[in-house]
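**Student:** So here's my_file_23.txt, just compact mmCIF, C-alpha atoms:
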```
# COMPACT_ATOMS: atom_id res chain seq x y z
CA MET T 5 0.00 0.00 0.00
CA LEU T 6 1.32 3.43 -0.91
CA LEU T 7 1.64 5.89 1.92
CA GLY T 8 1.16 9.63 2.01
CA LEU T 9 -0.60 10.16 -1.32
CA GLN T 10 -2.82 12.86 0.15
CA HIS T 11 -0.25 14.47 2.40
CA ILE T 12 3.52 14.48 2.18
CA ALA T 13 5.44 14.91 5.40
CA PRO T 14 7.83 17.88 5.52
CA ALA T 15 11.42 17.23 4.47
CA GLN T 16 13.60 16.26 7.40
CA VAL T 17 15.27 19.19 9.08
CA ARG T 18 16.85 17.21 11.93
CA LEU T 19 18.77 14.02 11.40
CA THR T 20 16.65 10.89 11.31
CA ALA T 21 17.41 7.93 13.55
CA GLU T 22 19.03 6.18 10.60
CA GLU T 23 21.24 9.18 9.87
CA ALA T 24 22.27 9.41 13.52
CA LYS T 25 23.54 5.82 13.43
CA THR T 26 25.63 6.47 10.36
CA GLU T 27 28.29 9.06 9.79
CA VAL T 28 26.32 11.53 7.77
CA GLY T 29 28.75 14.18 8.94
CA ASP T 30 30.07 16.29 11.79
CA SER T 31 31.19 19.79 12.70
CA PRO T 32 34.45 19.62 14.67
CA ALA T 33 35.66 22.80 16.30
CA ALA T 34 39.25 21.99 15.33
CA PRO T 35 39.32 20.15 12.00
CA GLY T 36 43.06 20.56 11.59
CA PRO T 37 45.14 22.31 8.95
CA LEU T 38 43.98 22.92 5.42
CA ALA T 39 45.53 20.91 2.61
CA THR T 40 48.63 22.11 0.84
CA GLY T 41 49.96 20.98 -2.49
CA LEU T 42 46.63 20.87 -4.33
CA SER T 43 46.63 22.83 -7.56
CA ALA T 44 43.54 24.66 -8.77
CA SER T 45 44.77 24.64 -12.37
CA LEU T 46 42.22 23.15 -14.70
CA THR T 47 44.28 20.22 -15.85
CA PRO T 48 42.85 16.69 -15.67
CA GLN T 49 45.63 15.46 -13.40
CA ASP T 50 45.21 18.30 -10.90
CA VAL T 51 41.43 17.89 -10.76
CA ARG T 52 41.79 14.14 -10.25
CA ALA T 53 44.27 14.64 -7.41
CA ALA T 54 41.78 16.79 -5.48
CA MET T 55 38.93 14.37 -6.14
CA ARG T 56 40.93 11.39 -4.94
CA LYS T 57 41.97 13.10 -1.72
CA VAL T 58 38.38 13.90 -0.78
CA ALA T 59 36.90 10.62 -2.02
CA ASP T 60 39.41 8.49 -0.09
CA TRP T 61 38.78 10.38 3.14
CA GLN T 62 35.03 10.02 2.79
CA LEU T 63 35.13 6.37 1.74
CA LYS T 64 36.86 5.39 4.99
CA ARG T 65 34.04 6.95 6.99
CA ILE T 66 31.15 5.02 5.42
CA THR T 67 32.53 1.49 5.61
CA ASN T 68 29.54 0.19 7.57
CA THR T 69 26.87 2.43 6.02
CA THR T 70 23.87 1.06 4.16
CA SER T 71 21.71 4.17 4.20
CA ARG T 72 18.99 4.73 1.59
CA ASP T 73 18.59 8.36 2.64
CA TRP T 74 18.99 11.27 0.21
CA THR T 75 22.09 12.42 2.09
CA PHE T 76 23.98 9.25 1.24
CA ALA T 77 22.36 8.85 -2.17
CA THR T 78 24.07 12.07 -3.21
CA LEU T 79 27.40 10.78 -1.94
CA TYR T 80 26.97 7.47 -3.76
CA LEU T 81 26.41 9.36 -7.02
CA GLY T 82 29.63 11.27 -6.41
CA LEU T 83 31.53 8.06 -5.69
CA LEU T 84 30.23 6.46 -8.90
CA ALA T 85 31.36 9.51 -10.86
CA SER T 86 34.75 9.33 -9.11
CA SER T 87 35.13 5.67 -10.01
CA GLU T 88 34.75 6.54 -13.69
CA THR T 89 36.87 9.69 -13.61
CA LEU T 90 39.68 8.23 -11.52
CA GLN T 91 39.47 4.77 -13.09
CA ASP T 92 39.31 3.31 -9.60
CA ALA T 93 36.87 0.45 -9.01
CA ARG T 94 36.98 0.79 -5.21
CA TYR T 95 34.38 3.54 -5.15
CA ARG T 96 31.97 1.72 -7.44
CA SER T 97 32.46 -1.53 -5.53
CA ALA T 98 31.58 0.16 -2.26
CA VAL T 99 28.38 1.60 -3.71
CA LEU T 100 27.46 -1.69 -5.35
CA GLN T 101 27.85 -3.50 -2.06
CA ILE T 102 25.58 -0.98 -0.34
CA ALA T 103 22.94 -1.26 -3.06
CA SER T 104 23.00 -5.03 -2.82
CA LYS T 105 22.61 -4.97 0.97
CA ASN T 106 19.64 -2.66 0.51
CA GLU T 107 18.13 -5.16 -1.94
CA TRP T 108 17.80 -2.31 -4.46
CA LYS T 109 14.94 -0.77 -2.50
CA LEU T 110 14.09 2.89 -2.17
CA GLY T 111 13.52 4.67 1.12
CA PRO T 112 10.48 3.94 3.30
CA ARG T 113 8.29 6.88 2.18
CA GLU T 114 7.07 5.69 -1.20
CA VAL T 115 6.10 9.03 -2.77
CA HIS T 116 8.52 11.30 -0.94
CA ALA T 117 11.22 12.70 -3.21
CA ASP T 118 13.94 12.35 -0.56
CA ASP T 119 13.40 8.59 -0.44
CA GLN T 120 13.41 8.25 -4.22
CA ALA T 121 16.82 9.87 -4.67
CA ILE T 122 18.74 6.63 -4.26
CA GLY T 123 16.98 5.37 -7.38
CA GLN T 124 19.51 7.41 -9.35
CA VAL T 125 22.25 5.21 -7.87
CA TYR T 126 20.48 1.98 -8.80
CA LEU T 127 19.89 3.22 -12.33
CA GLN T 128 23.56 4.14 -12.75
CA LEU T 129 24.57 0.66 -11.61
CA TYR T 130 21.93 -0.92 -13.85
CA LYS T 131 23.37 0.83 -16.89
CA LEU T 132 26.78 -0.61 -16.04
CA ASP T 133 25.33 -4.11 -15.68
CA PRO T 134 21.63 -4.36 -16.70
CA ARG T 135 20.46 -7.02 -14.30
CA PRO T 136 16.65 -6.78 -13.90
CA GLU T 137 16.76 -7.04 -10.10
CA ARG T 138 18.60 -3.73 -9.93
CA ILE T 139 15.57 -1.73 -11.02
CA GLU T 140 12.72 -4.13 -10.33
CA PRO T 141 11.73 -2.68 -6.91
CA LEU T 142 12.01 0.84 -8.34
CA SER T 143 9.88 0.04 -11.38
CA LYS T 144 7.20 -1.68 -9.31
CA GLN T 145 7.01 1.22 -6.88
CA PHE T 146 6.78 3.83 -9.62
CA ASP T 147 4.20 1.79 -11.52
CA ALA T 148 2.08 1.69 -8.36
CA ILE T 149 2.41 5.46 -7.97
CA LEU T 150 1.21 5.94 -11.55
CA GLN T 151 -1.92 3.93 -10.75
CA HIS T 152 -3.04 6.40 -8.07
CA PRO T 153 -4.38 9.83 -9.03
CA GLN T 154 -2.65 12.56 -7.07
CA SER T 155 -4.29 15.87 -6.39
CA SER T 156 -2.32 19.10 -6.46
CA THR T 157 -5.13 21.20 -4.97
CA MET T 158 -3.08 21.82 -1.82
CA GLN T 159 0.49 21.82 -3.12
CA PRO T 160 2.69 20.04 -5.65
CA ILE T 161 4.03 16.62 -4.75
CA TRP T 162 7.52 18.14 -5.02
CA TRP T 163 6.75 21.22 -2.97
CA TRP T 164 10.31 22.14 -1.91
CA CYS T 165 12.81 23.13 -4.59
CA ASP T 166 15.63 20.70 -3.77
CA ALA T 167 13.16 17.88 -4.39
CA LEU T 168 13.85 18.62 -8.07
CA PHE T 169 17.22 16.93 -7.60
CA MET T 170 15.88 14.02 -5.59
CA ALA T 171 13.03 12.65 -7.70
CA PRO T 172 12.80 13.98 -11.30
CA PRO T 173 16.14 12.48 -12.40
CA VAL T 174 14.95 9.04 -11.26
CA TRP T 175 11.73 9.29 -13.26
CA ALA T 176 13.54 10.64 -16.34
CA GLU T 177 16.28 8.01 -16.25
CA LEU T 178 13.83 5.16 -15.67
CA ALA T 179 11.93 6.33 -18.75
CA ARG T 180 15.16 6.23 -20.72
CA VAL T 181 16.28 2.75 -19.71
CA THR T 182 12.80 1.18 -20.01
CA HIS T 183 11.64 3.20 -23.06
CA ASP T 184 8.42 3.88 -21.15
CA ASP T 185 7.33 7.50 -21.60
CA ARG T 186 4.83 7.31 -18.76
CA TYR T 187 7.64 8.00 -16.32
CA LEU T 188 8.80 11.03 -18.28
CA ASP T 189 5.24 12.32 -18.55
CA TYR T 190 4.85 12.06 -14.77
CA MET T 191 8.15 13.84 -14.21
CA ASP T 192 7.33 16.66 -16.61
CA ALA T 193 3.86 17.31 -15.21
CA ASN T 194 5.07 17.47 -11.62
CA TRP T 195 8.19 19.51 -12.47
CA HIS T 196 5.97 22.14 -14.06
CA GLU T 197 3.75 22.27 -10.98
CA THR T 198 6.75 22.89 -8.75
CA ALA T 199 8.14 25.55 -11.07
CA GLN T 200 4.79 27.29 -11.31
CA LEU T 201 4.70 27.57 -7.53
CA LEU T 202 8.34 28.29 -6.59
CA TRP T 203 10.02 29.96 -9.57
CA ASP T 204 10.75 33.67 -9.14
CA SER T 205 10.79 35.29 -12.56
CA GLU T 206 12.45 38.46 -11.32
CA HIS T 207 15.57 36.85 -9.89
CA GLN T 208 15.30 33.67 -11.98
CA LEU T 209 15.84 31.49 -8.95
CA PHE T 210 13.70 29.11 -6.90
CA PHE T 211 12.23 29.78 -3.49
CA ARG T 212 12.90 26.88 -1.16
CA ASP T 213 9.15 26.46 -0.57
CA ARG T 214 6.06 28.64 -0.37
CA SER T 215 6.82 29.69 3.22
CA TYR T 216 9.68 31.82 1.87
CA PHE T 217 7.62 34.06 -0.40
CA ASP T 218 7.55 36.88 2.14
CA LYS T 219 10.77 36.23 4.04
CA ARG T 220 13.67 38.66 3.77
CA GLU T 221 17.38 38.66 4.45
CA LYS T 222 18.92 41.22 6.81
CA ASN T 223 19.66 43.47 3.85
CA GLY T 224 16.03 43.33 2.73
CA ALA T 225 16.61 40.98 -0.18
CA ARG T 226 14.47 37.91 -0.79
CA VAL T 227 15.68 34.61 0.66
CA PHE T 228 17.03 32.23 -1.96
CA TRP T 229 18.86 29.25 -0.53
CA SER T 230 22.17 28.36 -2.13
CA ARG T 231 21.80 24.64 -1.53
CA GLY T 232 18.24 24.49 -2.80
CA ASN T 233 19.05 26.29 -6.04
CA GLY T 234 22.30 24.39 -6.51
CA TRP T 235 20.42 21.15 -6.26
CA VAL T 236 17.79 22.32 -8.74
CA MET T 237 20.59 22.91 -11.25
CA GLY T 238 22.11 19.52 -10.47
CA GLY T 239 18.73 17.92 -11.07
CA LEU T 240 18.32 19.79 -14.34
CA VAL T 241 21.58 18.30 -15.56
CA SER T 242 20.29 14.78 -15.01
CA VAL T 243 16.87 15.48 -16.53
CA LEU T 244 18.47 16.94 -19.65
CA GLU T 245 20.90 14.04 -19.93
CA ASN T 246 18.00 11.60 -19.94
CA MET T 247 15.45 13.50 -22.02
CA PRO T 248 15.46 12.72 -25.75
CA ALA T 249 17.19 15.40 -27.80
CA LYS T 250 14.13 15.93 -29.98
CA ASP T 251 11.56 15.90 -27.18
CA PRO T 252 9.45 19.06 -27.62
CA ARG T 253 9.46 19.59 -23.84
CA ARG T 254 13.23 19.87 -23.69
CA GLY T 255 13.29 23.59 -24.47
CA PHE T 256 11.57 24.41 -21.18
CA TYR T 257 14.31 22.72 -19.16
CA GLU T 258 17.12 24.18 -21.23
CA GLY T 259 15.60 27.61 -20.74
CA LYS T 260 15.42 27.24 -16.98
CA PHE T 261 19.00 25.97 -16.94
CA ARG T 262 20.31 28.99 -18.87
CA GLN T 263 18.32 31.44 -16.76
CA MET T 264 19.61 30.00 -13.51
CA ALA T 265 23.16 29.83 -14.84
CA ALA T 266 23.14 33.55 -15.63
CA SER T 267 21.67 34.41 -12.23
CA VAL T 268 24.14 32.43 -10.13
CA ALA T 269 27.15 33.46 -12.19
CA ALA T 270 26.33 37.12 -11.65
CA ILE T 271 26.37 36.71 -7.85
CA GLN T 272 29.47 34.54 -7.52
CA GLY T 273 31.44 35.51 -4.41
CA THR T 274 34.85 37.11 -4.16
CA ASP T 275 36.22 33.69 -3.17
CA GLY T 276 34.61 31.99 -6.16
CA LEU T 277 31.82 30.50 -4.06
CA TRP T 278 28.25 31.23 -2.97
CA ARG T 279 26.92 31.95 0.53
CA PRO T 280 23.90 30.12 2.04
CA GLY T 281 21.65 33.09 1.31
CA LEU T 282 22.39 33.99 -2.29
CA LEU T 283 21.35 37.65 -2.17
CA ASP T 284 22.91 38.66 1.16
CA ALA T 285 26.45 37.29 1.13
CA ALA T 286 27.62 39.69 3.82
CA ASN T 287 25.25 38.09 6.32
CA TYR T 288 27.01 34.71 6.22
CA ALA T 289 30.50 34.02 7.50
CA ASN T 290 31.17 30.90 5.43
CA PRO T 291 30.44 29.88 1.87
CA GLU T 292 28.14 26.88 1.38
CA ILE T 293 30.03 24.09 -0.33
CA SER T 294 27.19 21.73 -1.26
CA GLY T 295 25.31 24.45 -3.16
CA SER T 296 28.50 25.92 -4.61
CA ALA T 297 29.68 22.51 -5.80
CA PHE T 298 26.41 21.88 -7.61
CA PHE T 299 26.68 25.27 -9.30
CA VAL T 300 30.19 24.43 -10.51
CA TYR T 301 29.02 20.97 -11.59
CA ALA T 302 26.09 22.30 -13.57
CA LEU T 303 27.98 25.17 -15.20
CA ALA T 304 30.82 22.89 -16.28
CA TRP T 305 28.29 20.45 -17.73
CA GLY T 306 26.51 23.30 -19.50
CA ILE T 307 29.72 24.43 -21.18
CA GLU T 308 30.61 20.93 -22.28
CA HIS T 309 27.14 20.33 -23.72
CA LYS T 310 27.06 23.67 -25.57
CA LEU T 311 24.19 25.10 -23.54
CA LEU T 312 26.43 27.83 -22.11
CA ASP T 313 28.93 30.09 -23.82
CA GLU T 314 32.40 28.91 -22.85
CA SER T 315 33.91 32.37 -23.19
CA LYS T 316 31.46 33.69 -20.59
CA TYR T 317 31.30 30.81 -18.15
CA HIS T 318 34.77 29.28 -18.15
CA GLY T 319 36.01 31.87 -15.66
CA VAL T 320 33.08 31.19 -13.36
CA VAL T 321 33.77 27.46 -13.32
CA ALA T 322 37.53 27.88 -12.89
CA PHE T 323 37.16 30.37 -10.05
CA GLY T 324 34.47 28.24 -8.41
CA TRP T 325 36.65 25.13 -8.55
CA LYS T 326 39.53 27.07 -7.03
CA GLY T 327 37.22 28.18 -4.23
CA LEU T 328 36.07 24.63 -3.53
CA LEU T 329 39.65 23.40 -3.22
CA SER T 330 40.37 26.04 -0.56
CA HIS T 331 38.06 24.16 1.82
CA ILE T 332 39.83 20.79 1.66
CA TYR T 333 41.74 19.86 4.81
CA ALA T 334 45.05 18.04 5.02
CA ASP T 335 43.38 14.71 5.80
CA GLY T 336 40.90 15.06 2.91
CA ARG T 337 37.94 16.45 4.86
CA LEU T 338 35.81 18.82 2.79
CA GLY T 339 34.56 21.63 5.04
CA SER T 340 32.07 24.48 5.09
CA ILE T 341 29.09 22.25 4.28
CA GLN T 342 25.84 23.34 5.88
CA PRO T 343 24.26 20.48 7.89
CA VAL T 344 20.85 19.02 7.08
CA GLY T 345 18.34 21.87 7.10
CA GLU T 346 15.79 23.78 5.11
CA ALA T 347 17.09 27.36 5.01
CA PRO T 348 20.29 29.42 5.01
CA GLY T 349 22.05 29.09 8.36
CA ALA T 350 25.29 29.23 10.28
CA TYR T 351 27.85 26.43 10.68
CA THR T 352 31.57 25.98 11.31
CA ALA T 353 34.30 26.04 8.70
CA GLY T 354 35.05 22.37 9.41
CA ALA T 355 31.46 21.16 9.00
CA SER T 356 31.46 18.20 6.60
CA TYR T 357 28.46 16.16 5.47
CA VAL T 358 28.25 13.36 2.95
CA PHE T 359 25.93 15.12 0.51
CA GLY T 360 28.37 18.01 0.16
CA THR T 361 31.19 15.59 -0.55
CA GLY T 362 28.99 13.92 -3.18
CA ALA T 363 28.30 17.27 -4.82
CA PHE T 364 32.03 18.07 -4.85
CA LEU T 365 32.90 14.77 -6.50
CA LEU T 366 30.22 15.31 -9.13
CA ALA T 367 31.64 18.78 -9.75
CA GLY T 368 35.12 17.36 -10.07
CA SER T 369 33.99 14.76 -12.57
CA GLU T 370 32.55 17.45 -14.85
CA VAL T 371 35.43 19.88 -14.36
CA GLU T 372 37.89 17.09 -15.20
CA ARG T 373 35.94 16.21 -18.35
CA LEU T 374 35.84 19.87 -19.36
CA ALA T 375 39.58 20.18 -18.63
CA GLU T 376 40.33 17.25 -20.92
CA VAL T 377 38.39 18.82 -23.78
CA GLU T 378 39.94 22.23 -23.22
CA GLN T 379 43.42 20.76 -22.97
CA MET T 380 42.97 19.18 -26.39
CA ASP T 381 41.66 22.50 -27.71
CA GLY T 382 44.53 24.49 -26.22
CA PHE T 383 42.32 26.41 -23.77
CA PRO T 384 44.41 28.00 -20.95
CA SER T 385 44.20 26.16 -17.61
CA ASP T 386 45.20 29.12 -15.44
CA THR T 387 42.68 30.00 -12.69
CA ASN T 388 44.34 33.09 -11.26
CA GLN T 389 42.02 35.47 -13.08
CA LYS T 390 39.73 37.30 -10.65
CA ALA T 391 37.11 38.69 -12.96
CA HIS T 392 34.61 37.33 -15.37
CA PRO T 393 32.29 39.11 -17.80
CA LEU T 394 28.96 38.18 -16.21
CA GLY T 395 28.92 40.47 -13.21
CA SER T 396 30.63 41.56 -10.03
CA ARG T 397 31.58 39.15 -7.31
```
Re-express the file's structure as structure tokens.
**Tutor:**
Amino acid sequence: MLLGLQHIAPAQVRLTAEEAKTEVGDSPAAPGPLATGLSASLTPQDVRAAMRKVADWQLKRITNTTSRDWTFATLYLGLLASSETLQDARYRSAVLQIASKNEWKLGPREVHADDQAIGQVYLQLYKLDPRPERIEPLSKQFDAILQHPQSSTMQPIWWWCDALFMAPPVWAELARVTHDDRYLDYMDANWHETAQLLWDSEHQLFFRDRSYFDKREKNGARVFWSRGNGWVMGGLVSVLENMPAKDPRRGFYEGKFRQMAASVAAIQGTDGLWRPGLLDAANYANPEISGSAFFVYALAWGIEHKLLDESKYHGVVAFGWKGLLSHIYADGRLGSIQPVGEAPGAYTAGASYVFGTGAFLLAGSEVERLAEVEQMDGFPSDTNQKAHPLGSR
């Protein structure tokens, strides 16, 4: 029986019992010295060195983890990307073992986007080795959801913006691997409902949810959460990768991607990164790495796939990657990641959580791929430039 079709419980703000048992992350007061010897130059070898340092540190901390939560799903995606980029099977093997222990099942809340996110991991592993059992629980669950009419009279089923990273990519990718357009139709209809509710046409960003329509930052600006918008862009990447090139609906998603890219590039910080509250950087002591990493990931992907002008966005990506590297510690810890929450907030410089690491590894995989292409094309790898043509930082 499907649960919660009429009412979806709010996204978790505090750690669940499952998260508490696993090492989703921590915020040590003294995380140790920052790393030295990492180069921010956009060369494949330098990008890979940074990725490996972070991935190896994180991998040691999840040895006994079998979480199906969105926090770990994001990390698993980053580890799978690292396995391909670094040509290191250890990361993929660890994720495969976790998926197998979980019997390829999604999280306990059948229609909740957070508990569908791990479906992206199963689909990635299925594409590497298309064994039916890897997507059978997912397919059955989604087929059951399609059998039940869902009313949007109260609010969309994906009513918070970061849900657009959690669920839509699963529906779009399942449609691709099964050649069943019902999943893509479901994704498209619900994505539009969320956008209609939460998209702000003035700033071309997403509110986190409807409760933020009237909230303001200390400087009077509207509240747009870095992580939420970063994850929307990350989700757009996956939707576009899995949507047929000639699908007439594709233009809507490409348009949103370009609009968001221009908005976030124009407000990039003086350190190459983005603060938790995008429009009031001065109000936040630390940058937010999980949102910033997804911005870098999406922008690099956009350049590579010719959706963004390389001459305009290369500097944004290069400076963003340099900023991300400045928050890696000597042992490989990636810091300045806001803990689980639902709004911009405060945290320590050493705060590290698995979803931020996953976002960083995804960013690295795209930056490395872009660096390889640019290296072949003779594009300069220097990242010391401090200005780009899209706006002030």
**Student:** Pick out the closest residue to Asp50 of chain T from this set: T:Lys144, T:Lys326, T:Lys316, T:Arg337. Count all atoms listed in the file.
**Tutor:**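 Looking at the shortest contact to Asp50 of chain T, the residue is T:Lys326.
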**Student:** Pick from T:Met264, T:Pro48, T:Asn106, T:Leu42: nearest to Ser71 of chain T, with only C-alpha atoms counted?
**Tutor:**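 Of T:Met264, T:Pro48, T:Asn106, T:Leu42, the one nearest Ser71 of chain T is T:Asn106, counting only C-alpha atoms.
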**Student:** I'd like to know which of T:Leu129, T:Leu365, T:Val358, T:Ile293 is closest to Gln62 of chain T, using all atoms listed in the file.
**Tutor:**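 Closest to Gln62 of chain T of all the choices is T:Val358.
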**Student:** When you count all atoms listed in the file, which of these residues is closest to Leu329 of chain T: T:Arg231, T:Ala297, T:Leu303, T:Pro252?
**Tutor:**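 Closest to Leu329 of chain T, using all atoms listed in the file: T:Ala297.
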**Student:** Could you tell me how far atom CA of Val125 of chain T sits from atom CA of Leu81 of chain T, in Å to one decimal place?
**Tutor:**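 Taking atom CA of Leu81 of chain T and atom CA of Val125 of chain T, their separation equals 5.9 Å.
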**Student:** Go through T:Gly349, T:Pro173, T:Pro141, T:Gly360 and flag the residue nearest Asn287 of chain T, using all atoms listed in the file for the distances.
**Tutor:**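 When distances to Asn287 of chain T are compared using all atoms listed in the file, the smallest one comes from T:Gly349.
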**Student:** Show me, as AutoDock Vina command-line options, the centre and edge lengths in Å to one decimal of the axis-aligned box that covers every listed atom of segment 277-290 of chain T with 6 Å on each side.
**Tutor:**
```
--center_x 26.6 --center_y 34.9 --center_z 1.7 --size_x 22.5 --size_y 21.6 --size_z 23.6
```
**Student:** Between T:Glu372, T:Asp185, T:Glu308, T:Asp166, which is the closest to Asp213 of chain T once you count only C-alpha atoms?
**Tutor:**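 Closest to Asp213 of chain T, using only C-alpha atoms: T:Asp166.
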**Student:** Could you check how far atom CA of Phe228 of chain T sits from atom CA of Trp74 of chain T, in Å to one decimal?
**Tutor:**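 Spanning atom CA of Phe228 of chain T to atom CA of Trp74 of chain T is a straight-line distance of 21.2 Å.
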**Student:** Interatomic distance between atom CA of Leu38 of chain T and atom CA of Val58 of chain T?
**Tutor:** 12.3 Å
